[in-house]
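Participant: Input structure: coords_23.csv, which contains CSV, C-alpha atoms.
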```csv
chain,number,residue,atom,x,y,z
A,2,MET,CA,0.0,0.0,0.0
A,3,PHE,CA,2.8,2.4,0.9
A,4,LYS,CA,5.2,1.3,-1.9
A,5,THR,CA,4.8,4.6,-3.7
A,6,LEU,CA,5.5,6.6,-0.5
A,7,PHE,CA,8.5,4.7,0.8
A,8,GLY,CA,9.9,2.7,-2.1
A,9,ARG,CA,12.0,5.2,-3.9
A,10,ARG,CA,14.4,8.0,-2.8
A,11,SER,CA,14.0,11.1,-4.8
A,12,ALA,CA,16.7,11.7,-7.3
A,13,ASP,CA,17.8,15.0,-5.8
A,14,SER,CA,18.0,13.8,-2.2
A,15,THR,CA,21.3,13.0,-0.5
A,16,PRO,CA,21.9,10.3,2.0
A,17,ARG,CA,22.8,11.5,5.5
A,18,ASP,CA,24.0,9.3,8.4
A,19,THR,CA,21.9,10.9,11.1
A,20,ASP,CA,22.6,7.9,13.4
A,21,ALA,CA,26.2,9.0,13.5
A,22,ASP,CA,25.2,12.6,14.1
A,23,TRP,CA,23.2,11.6,17.2
A,24,GLU,CA,25.8,9.2,18.5
A,25,GLU,CA,28.2,12.2,18.4
A,26,ILE,CA,25.7,14.5,20.0
A,27,GLY,CA,25.0,12.0,22.7
A,28,ARG,CA,28.7,11.6,23.4
A,29,THR,CA,29.5,15.3,23.6
A,30,ASN,CA,26.3,17.2,24.5
A,31,PRO,CA,23.4,14.8,25.3
A,32,TYR,CA,21.2,17.3,27.1
A,33,TYR,CA,21.8,20.2,24.8
A,34,GLY,CA,21.0,17.8,21.9
A,35,VAL,CA,17.5,17.4,23.3
A,36,LEU,CA,16.8,21.0,24.4
A,37,THR,CA,19.0,23.7,22.8
A,38,ASP,CA,19.4,25.9,25.8
A,39,GLN,CA,23.0,27.0,26.7
A,40,ARG,CA,22.4,25.8,30.3
A,41,PHE,CA,22.1,22.3,29.1
A,42,LYS,CA,25.5,22.2,27.4
A,43,SER,CA,27.8,19.7,29.0
A,44,ASP,CA,30.3,22.4,30.1
A,45,ASN,CA,27.5,24.4,31.7
A,46,LEU,CA,25.4,21.7,33.3
A,47,THR,CA,24.6,22.0,37.0
A,48,GLU,CA,22.4,20.1,39.3
A,49,GLU,CA,19.9,22.9,39.1
A,50,ALA,CA,19.9,22.9,35.3
A,51,LEU,CA,19.5,19.2,35.2
A,52,ALA,CA,16.5,19.4,37.5
A,53,ASP,CA,15.0,22.1,35.2
A,54,PHE,CA,15.7,19.9,32.2
A,55,PHE,CA,13.7,17.0,33.6
A,56,ARG,CA,11.0,19.3,34.9
A,57,THR,CA,10.3,20.3,31.3
A,58,GLY,CA,9.6,16.6,30.7
A,59,VAL,CA,7.1,16.4,33.5
A,60,GLU,CA,5.4,19.6,32.4
A,61,GLY,CA,5.3,18.4,28.8
A,62,VAL,CA,3.8,15.0,29.6
A,63,GLU,CA,1.2,16.6,31.9
A,64,TYR,CA,0.2,19.0,29.2
A,65,GLU,CA,-0.2,16.3,26.6
A,66,ALA,CA,-2.0,14.1,29.0
A,67,ASN,CA,-4.4,16.9,29.8
A,68,ARG,CA,-5.0,17.6,26.1
A,69,LEU,CA,-5.8,13.9,25.4
A,70,ARG,CA,-8.0,13.6,28.5
A,71,ALA,CA,-10.0,16.7,27.5
A,72,ARG,CA,-10.7,15.0,24.1
A,73,TYR,CA,-11.0,11.4,25.5
A,74,PRO,CA,-12.3,11.4,29.1
A,75,ASP,CA,-11.4,7.7,29.4
A,76,PHE,CA,-7.7,8.4,28.7
A,77,ALA,CA,-5.8,6.3,31.3
A,78,PRO,CA,-2.8,4.6,29.6
A,79,LYS,CA,-1.1,1.7,31.4
A,80,SER,CA,1.9,1.6,29.0
A,81,ALA,CA,3.8,4.1,26.8
A,82,LEU,CA,6.4,4.0,24.1
A,83,ASP,CA,8.7,7.0,23.9
A,84,PHE,CA,10.3,7.0,20.4
A,85,GLY,CA,13.5,8.9,20.2
A,86,CYS,CA,13.8,9.1,24.0
A,87,GLY,CA,17.3,10.6,24.1
A,88,VAL,CA,18.4,10.9,27.7
A,89,GLY,CA,14.9,10.0,29.0
A,90,ARG,CA,13.4,13.5,29.5
A,91,LEU,CA,9.9,12.4,28.7
A,92,THR,CA,10.4,8.7,29.5
A,93,ARG,CA,10.8,9.4,33.2
A,94,ALA,CA,7.6,11.4,33.4
A,95,LEU,CA,5.7,8.9,31.2
A,96,ALA,CA,6.8,6.1,33.6
A,97,VAL,CA,5.2,8.0,36.5
A,98,VAL,CA,1.9,8.3,34.5
A,99,THR,CA,1.7,4.8,33.2
A,100,GLY,CA,3.9,2.6,35.4
A,101,ASP,CA,5.3,0.9,32.2
A,102,THR,CA,7.3,3.0,29.7
A,103,PHE,CA,9.8,1.9,27.1
A,104,GLY,CA,12.2,4.5,25.7
A,105,VAL,CA,13.9,3.7,22.4
A,106,ASP,CA,16.7,5.6,20.8
A,107,ILE,CA,19.3,4.9,18.0
A,108,SER,CA,22.2,6.5,20.0
A,109,ASP,CA,24.0,4.2,22.5
A,110,SER,CA,25.6,7.2,24.1
A,111,MET,CA,22.1,8.8,24.7
A,112,LEU,CA,20.8,5.5,26.1
A,113,ALA,CA,23.8,5.2,28.4
A,114,GLU,CA,22.9,8.7,29.8
A,115,ALA,CA,19.2,7.8,30.1
A,116,ARG,CA,20.0,4.7,32.1
A,117,ARG,CA,21.9,6.8,34.6
A,118,ASN,CA,18.6,8.6,35.3
A,119,VAL,CA,16.3,5.6,35.1
A,120,PRO,CA,13.2,5.6,37.4
A,121,ALA,CA,11.0,2.7,38.3
A,122,GLY,CA,8.7,1.7,35.5
A,123,ALA,CA,11.1,2.8,32.7
A,124,THR,CA,13.3,0.7,30.5
A,125,PHE,CA,15.4,1.6,27.5
A,126,GLY,CA,16.7,0.0,24.3
A,127,ARG,CA,17.7,0.5,20.7
A,128,ASP,CA,15.1,-1.6,19.1
A,129,LEU,CA,11.3,-1.3,19.0
A,130,PRO,CA,9.8,-4.0,21.3
A,131,ASP,CA,7.5,-6.5,19.7
A,132,ARG,CA,4.4,-5.6,21.9
A,133,ALA,CA,1.5,-3.1,22.0
A,134,PHE,CA,1.4,0.1,23.9
A,135,ASP,CA,-1.5,2.3,25.1
A,136,TRP,CA,0.2,5.6,24.3
A,137,ILE,CA,2.9,6.2,21.7
A,138,VAL,CA,4.8,9.5,22.1
A,139,SER,CA,7.4,11.1,19.9
A,140,GLN,CA,8.3,14.8,20.4
A,141,ILE,CA,10.9,16.8,18.5
A,142,VAL,CA,12.3,13.5,17.0
A,143,PHE,CA,11.0,12.9,13.5
A,144,GLN,CA,12.2,16.3,12.5
A,145,HIS,CA,15.8,15.0,12.8
A,146,ILE,CA,15.2,11.8,10.8
A,147,PRO,CA,15.2,11.9,7.0
A,148,PRO,CA,11.6,11.3,5.8
A,149,GLU,CA,12.5,8.3,3.7
A,150,ARG,CA,13.5,6.6,6.9
A,151,GLY,CA,10.9,8.3,9.1
A,152,TYR,CA,7.8,7.2,7.3
A,153,PRO,CA,8.5,3.5,7.6
A,154,LEU,CA,9.4,4.1,11.3
A,155,LEU,CA,6.0,5.8,11.8
A,156,LYS,CA,4.3,2.8,10.2
A,157,ALA,CA,6.2,0.5,12.6
A,158,LEU,CA,5.2,2.6,15.6
A,159,MET,CA,1.5,2.5,14.6
A,160,ALA,CA,1.8,-1.3,14.3
A,161,ARG,CA,2.5,-1.3,18.0
A,162,LEU,CA,-0.4,0.9,19.0
A,163,ALA,CA,-3.0,-1.0,21.1
A,164,PRO,CA,-6.6,-0.9,20.0
A,165,GLY,CA,-8.1,2.2,21.6
A,166,GLY,CA,-4.6,3.5,22.1
A,167,PHE,CA,-3.4,7.1,21.9
A,168,VAL,CA,-0.7,9.0,20.0
A,169,THR,CA,1.2,12.2,20.6
A,170,LEU,CA,3.5,13.0,17.7
A,171,GLN,CA,5.3,16.0,16.3
A,172,PHE,CA,6.6,16.7,12.8
A,173,ALA,CA,8.3,19.6,11.0
A,174,LEU,CA,6.4,20.4,7.8
A,175,TYR,CA,7.8,23.6,6.2
A,176,ARG,CA,10.0,26.6,7.0
A,177,ASP,CA,10.1,30.4,6.6
A,178,PRO,CA,12.1,31.8,3.6
A,179,ARG,CA,14.7,32.9,6.1
A,180,HIS,CA,15.7,29.3,6.5
A,181,ALA,CA,15.6,28.5,2.8
A,182,SER,CA,19.3,27.7,2.7
A,183,VAL,CA,19.3,25.5,5.9
A,184,PRO,CA,19.9,21.8,4.9
A,185,GLY,CA,17.1,19.3,5.2
A,186,GLY,CA,14.2,21.4,3.9
A,187,ARG,CA,11.4,20.0,1.7
A,188,ILE,CA,9.2,23.1,1.4
A,189,VAL,CA,9.9,26.8,1.9
A,190,MET,CA,6.6,28.6,2.3
A,191,GLY,CA,6.6,32.2,1.0
A,192,GLU,CA,4.3,35.0,2.1
A,193,ASP,CA,2.0,34.4,-0.8
A,194,PHE,CA,1.7,30.7,0.3
A,195,THR,CA,3.5,29.5,-2.8
A,196,THR,CA,5.9,26.6,-2.1
A,197,VAL,CA,9.4,26.2,-3.3
A,198,SER,CA,11.1,22.8,-3.1
A,199,ASN,CA,14.4,22.9,-1.1
A,200,VAL,CA,16.5,19.8,-1.0
A,201,LYS,CA,20.0,20.7,-0.1
A,202,ALA,CA,23.0,18.4,-0.1
A,203,LEU,CA,23.9,17.1,3.4
A,204,ARG,CA,27.1,15.2,2.8
A,205,ASN,CA,29.4,18.1,3.5
A,206,LEU,CA,28.0,18.8,7.0
A,207,ALA,CA,30.3,17.7,9.8
A,208,LYS,CA,29.3,14.7,11.8
A,209,GLY,CA,27.3,15.8,14.8
A,210,GLU,CA,25.3,18.5,13.1
A,211,MET,CA,21.7,18.7,14.0
A,212,VAL,CA,19.6,18.7,10.8
A,213,MET,CA,15.9,19.6,10.5
A,214,PHE,CA,13.8,17.6,8.0
A,215,ASP,CA,10.4,18.6,6.7
A,216,TYR,CA,7.6,16.0,6.4
A,217,ASP,CA,4.5,15.7,4.2
A,218,LEU,CA,1.3,15.8,6.2
A,219,THR,CA,-0.5,13.9,3.5
A,220,VAL,CA,1.8,10.9,3.9
A,221,ILE,CA,1.6,11.1,7.7
A,222,SER,CA,-2.2,11.1,7.6
A,223,ALA,CA,-2.2,8.2,5.2
A,224,ILE,CA,-0.1,6.1,7.6
A,225,LEU,CA,-2.2,7.0,10.6
A,226,PHE,CA,-5.5,6.4,8.9
A,227,ALA,CA,-4.3,3.0,7.6
A,228,ALA,CA,-3.4,2.1,11.2
A,229,GLY,CA,-6.9,2.9,12.4
A,230,VAL,CA,-5.9,6.3,13.9
A,231,THR,CA,-8.7,8.1,12.3
A,232,ASP,CA,-9.7,10.6,15.0
A,233,ILE,CA,-6.9,13.2,15.2
A,234,GLU,CA,-6.3,16.8,16.0
A,235,LEU,CA,-3.5,19.1,14.9
A,236,SER,CA,-1.9,22.1,16.6
A,237,HIS,CA,0.7,24.4,15.1
A,238,THR,CA,4.3,24.4,16.3
A,239,ASP,CA,6.8,27.1,15.4
A,240,HIS,CA,10.4,26.6,16.4
A,241,GLY,CA,11.9,29.9,15.2
A,242,GLY,CA,10.5,29.7,11.7
A,243,PHE,CA,10.6,25.9,11.4
A,244,HIS,CA,6.8,25.2,11.3
A,245,GLY,CA,5.1,21.9,12.0
A,246,ALA,CA,2.3,20.2,13.8
A,247,SER,CA,1.6,18.3,17.0
A,248,VAL,CA,-0.6,15.4,16.1
A,249,ARG,CA,-2.8,13.9,18.8
A,250,GLY,CA,-5.3,11.1,18.3
A,251,ARG,CA,-6.7,7.7,19.0
A,252,ARG,CA,-6.8,4.3,17.3
A,253,THR,CA,-10.5,3.8,16.7
A,254,ALA,CA,-10.3,0.6,14.6
```
Could I get this structure in the form of structure tokens?

Facilitator:
Amino acid sequence: MFKTLFGRRSADSTPRDTDADWEEIGRTNPYYGVLTDQRFKSDNLTEEALADFFRTGVEGVEYEANRLRARYPDFAPKSALDFGCGVGRLTRALAVVTGDTFGVDISDSMLAEARRNVPAGATFGRDLPDRAFDWIVSQIVFQHIPPERGYPLLKALMARLAPGGFVTLQFALYRDPRHASVPGGRIVMGEDFTTVSNVKALRNLAKGEMVMFDYDLTVISAILFAAGVTDIELSHTDHGGFHGASVRGRRTA
């Protein structure tokens, strides 16, 4: 069904080893790699800053839980999957809410740091577990994965969503003209709402660079709908001119 979406890399796209990027980021600046605040750089990190870092995870999970609970009064997940967990910023908070949370990340160095902060009810690994989850969460993650890899990963995540389960996902979709030359772009949106394709070569970037990739909301919707996640809501995100959407929804079939 998704062959036309996933089966071919566009002729003007350029492979990028983002796994190596995130291994380097996890080795050198794991907390700053998750939240780009100068306080979270390894050279600046204090106990107070670390507490603030994890507090943002608690606040973020509480916010998303409240949004879902307002839409679905029976929202009470007993398990969660945190895709792209990094150092466990959200995983820790999700474990408190659900009692059973699995954080998955491609970076061994990120996972090593996450395991230093592991709470009860949270486990971590590199591979997606072969089981179902009540709540699948992925925040500020897909935007750093090339879409040709990200779409199949999204499909794999949805295959692990339990019947009646919930999703909280975030994607970058387009960017302002001021970011037209920034690598990773798919669409630059002008003031007149015309779009200009922007696929910039990535090979010359040094390892450890954080790249922002834009996704196609039509493809995202097709994957979610095919997985039975047919009741969704969108809200706008704007990270300094990189525009996207938070997607919240429920598997209804």

Participant: Pick out the residues sitting within 6 Å of Arg251 in chain A, and hand them over as JSON, numbers by chain; count all atoms listed in the file, and ignore anything fewer than 3 positions along from it in its own chain.

Facilitator: {"A": [166, 167, 230, 232]}

Participant: By how many Å are CA of Pro148 in chain A and CA of Tyr216 in chain A apart?

Facilitator: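 CA of Tyr216 in chain A lies at a distance of 6.2 Å from CA of Pro148 in chain A.
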
Participant: Mind dumping a table of every range 63-87 of chain A residue within 8 Å of range 104-109 of chain A, with the nearest atom pair and its distance in Å to one decimal, using only C-alpha atoms, sorted by chain and rising number, as CSV?

Facilitator:
```
residue,atom,partner,partner_atom,distance
A:Leu82,CA,A:Gly104,CA,6.0
A:Asp83,CA,A:Gly104,CA,4.7
A:Phe84,CA,A:Val105,CA,5.3
A:Gly85,CA,A:Asp106,CA,4.6
A:Cys86,CA,A:Gly104,CA,5.2
A:Gly87,CA,A:Asp106,CA,6.0
```

Participant: Go ahead and dump the residues you just picked, C-alpha atoms, as a JSON list (two decimals), keeping the file's coordinate frame.

Facilitator:
```
[["chain", "number", "residue", "atom", "x", "y", "z"],
["A", 82, "LEU", "CA", 6.40, 4.00, 24.10],
["A", 83, "ASP", "CA", 8.70, 7.00, 23.90],
["A", 84, "PHE", "CA", 10.30, 7.00, 20.40],
["A", 85, "GLY", "CA", 13.50, 8.90, 20.20],
["A", 86, "CYS", "CA", 13.80, 9.10, 24.00],
["A", 87, "GLY", "CA", 17.30, 10.60, 24.10]]
```

Participant: Excluding Glu60 in chain A and residues on its chain fewer than 6 positions from it, collect all residues at most 10 Å away from it, counting all atoms listed in the file, and give them as JSON, numbers by chain.

Facilitator: {"A": [66, 91, 94]}

Participant: Would you place a box with edges along x, y and z of the file around all atoms of range 89-104 of chain A listed there, add 8 Å to each of its six sides, and report the centre and edge lengths in Å to one decimal, as JSON?

Facilitator:
```
{"center_x": 8.3, "center_y": 7.2, "center_z": 31.1, "size_x": 29.2, "size_y": 28.6, "size_z": 26.8}
```

Participant: A:Phe226, A:Tyr64, A:Phe172, A:Phe54: which is nearest Gly250 in chain A, counting all atoms listed in the file?

Facilitator: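 Of A:Phe226, A:Tyr64, A:Phe172, A:Phe54, the one nearest Gly250 in chain A, counting all atoms listed in the file, is A:Phe226.
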
Participant: Can you work out the spacing between CA of Ile224 in chain A and CA of Gln171 in chain A in Å, to one decimal?

Facilitator: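 Going from CA of Ile224 in chain A over to CA of Gln171 in chain A covers 14.2 Å.
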
Participant: Need to verify the contact set: Asp217 in chain A, 12 Å, all atoms listed in the file, exclusion of same-chain residues closer than 4 positions in sequence. Can you return it as a ChimeraX atom specification?

Facilitator: /A:6,143-144,147-149,151-152,172-175,186-188,221-224,245-246

Participant: Counting all atoms listed in the file, select every polymer residue within 12 Å of (-4.4, 5.3, 33.6) as defined in the file's coordinates, and provide the selection as a VMD selection string.

Facilitator: chain A and resid 66 69 to 70 74 to 81 95 to 101 135 to 136 166 to 167

Participant: Would you save the residues from that selection as a PDB file, keeping the file's coordinate frame, using C-alpha atoms?

Facilitator:
```pdb
ATOM      1  CA  ALA A  66      -2.000  14.100  29.000  1.00  0.00           C
ATOM      2  CA  LEU A  69      -5.800  13.900  25.400  1.00  0.00           C
ATOM      3  CA  ARG A  70      -8.000  13.600  28.500  1.00  0.00           C
ATOM      4  CA  PRO A  74     -12.300  11.400  29.100  1.00  0.00           C
ATOM      5  CA  ASP A  75     -11.400   7.700  29.400  1.00  0.00           C
ATOM      6  CA  PHE A  76      -7.700   8.400  28.700  1.00  0.00           C
ATOM      7  CA  ALA A  77      -5.800   6.300  31.300  1.00  0.00           C
ATOM      8  CA  PRO A  78      -2.800   4.600  29.600  1.00  0.00           C
ATOM      9  CA  LYS A  79      -1.100   1.700  31.400  1.00  0.00           C
ATOM     10  CA  SER A  80       1.900   1.600  29.000  1.00  0.00           C
ATOM     11  CA  ALA A  81       3.800   4.100  26.800  1.00  0.00           C
ATOM     12  CA  LEU A  95       5.700   8.900  31.200  1.00  0.00           C
ATOM     13  CA  ALA A  96       6.800   6.100  33.600  1.00  0.00           C
ATOM     14  CA  VAL A  97       5.200   8.000  36.500  1.00  0.00           C
ATOM     15  CA  VAL A  98       1.900   8.300  34.500  1.00  0.00           C
ATOM     16  CA  THR A  99       1.700   4.800  33.200  1.00  0.00           C
ATOM     17  CA  GLY A 100       3.900   2.600  35.400  1.00  0.00           C
ATOM     18  CA  ASP A 101       5.300   0.900  32.200  1.00  0.00           C
ATOM     19  CA  ASP A 135      -1.500   2.300  25.100  1.00  0.00           C
ATOM     20  CA  TRP A 136       0.200   5.600  24.300  1.00  0.00           C
ATOM     21  CA  GLY A 166      -4.600   3.500  22.100  1.00  0.00           C
ATOM     22  CA  PHE A 167      -3.400   7.100  21.900  1.00  0.00           C
TER      23      PHE A 167
END
```
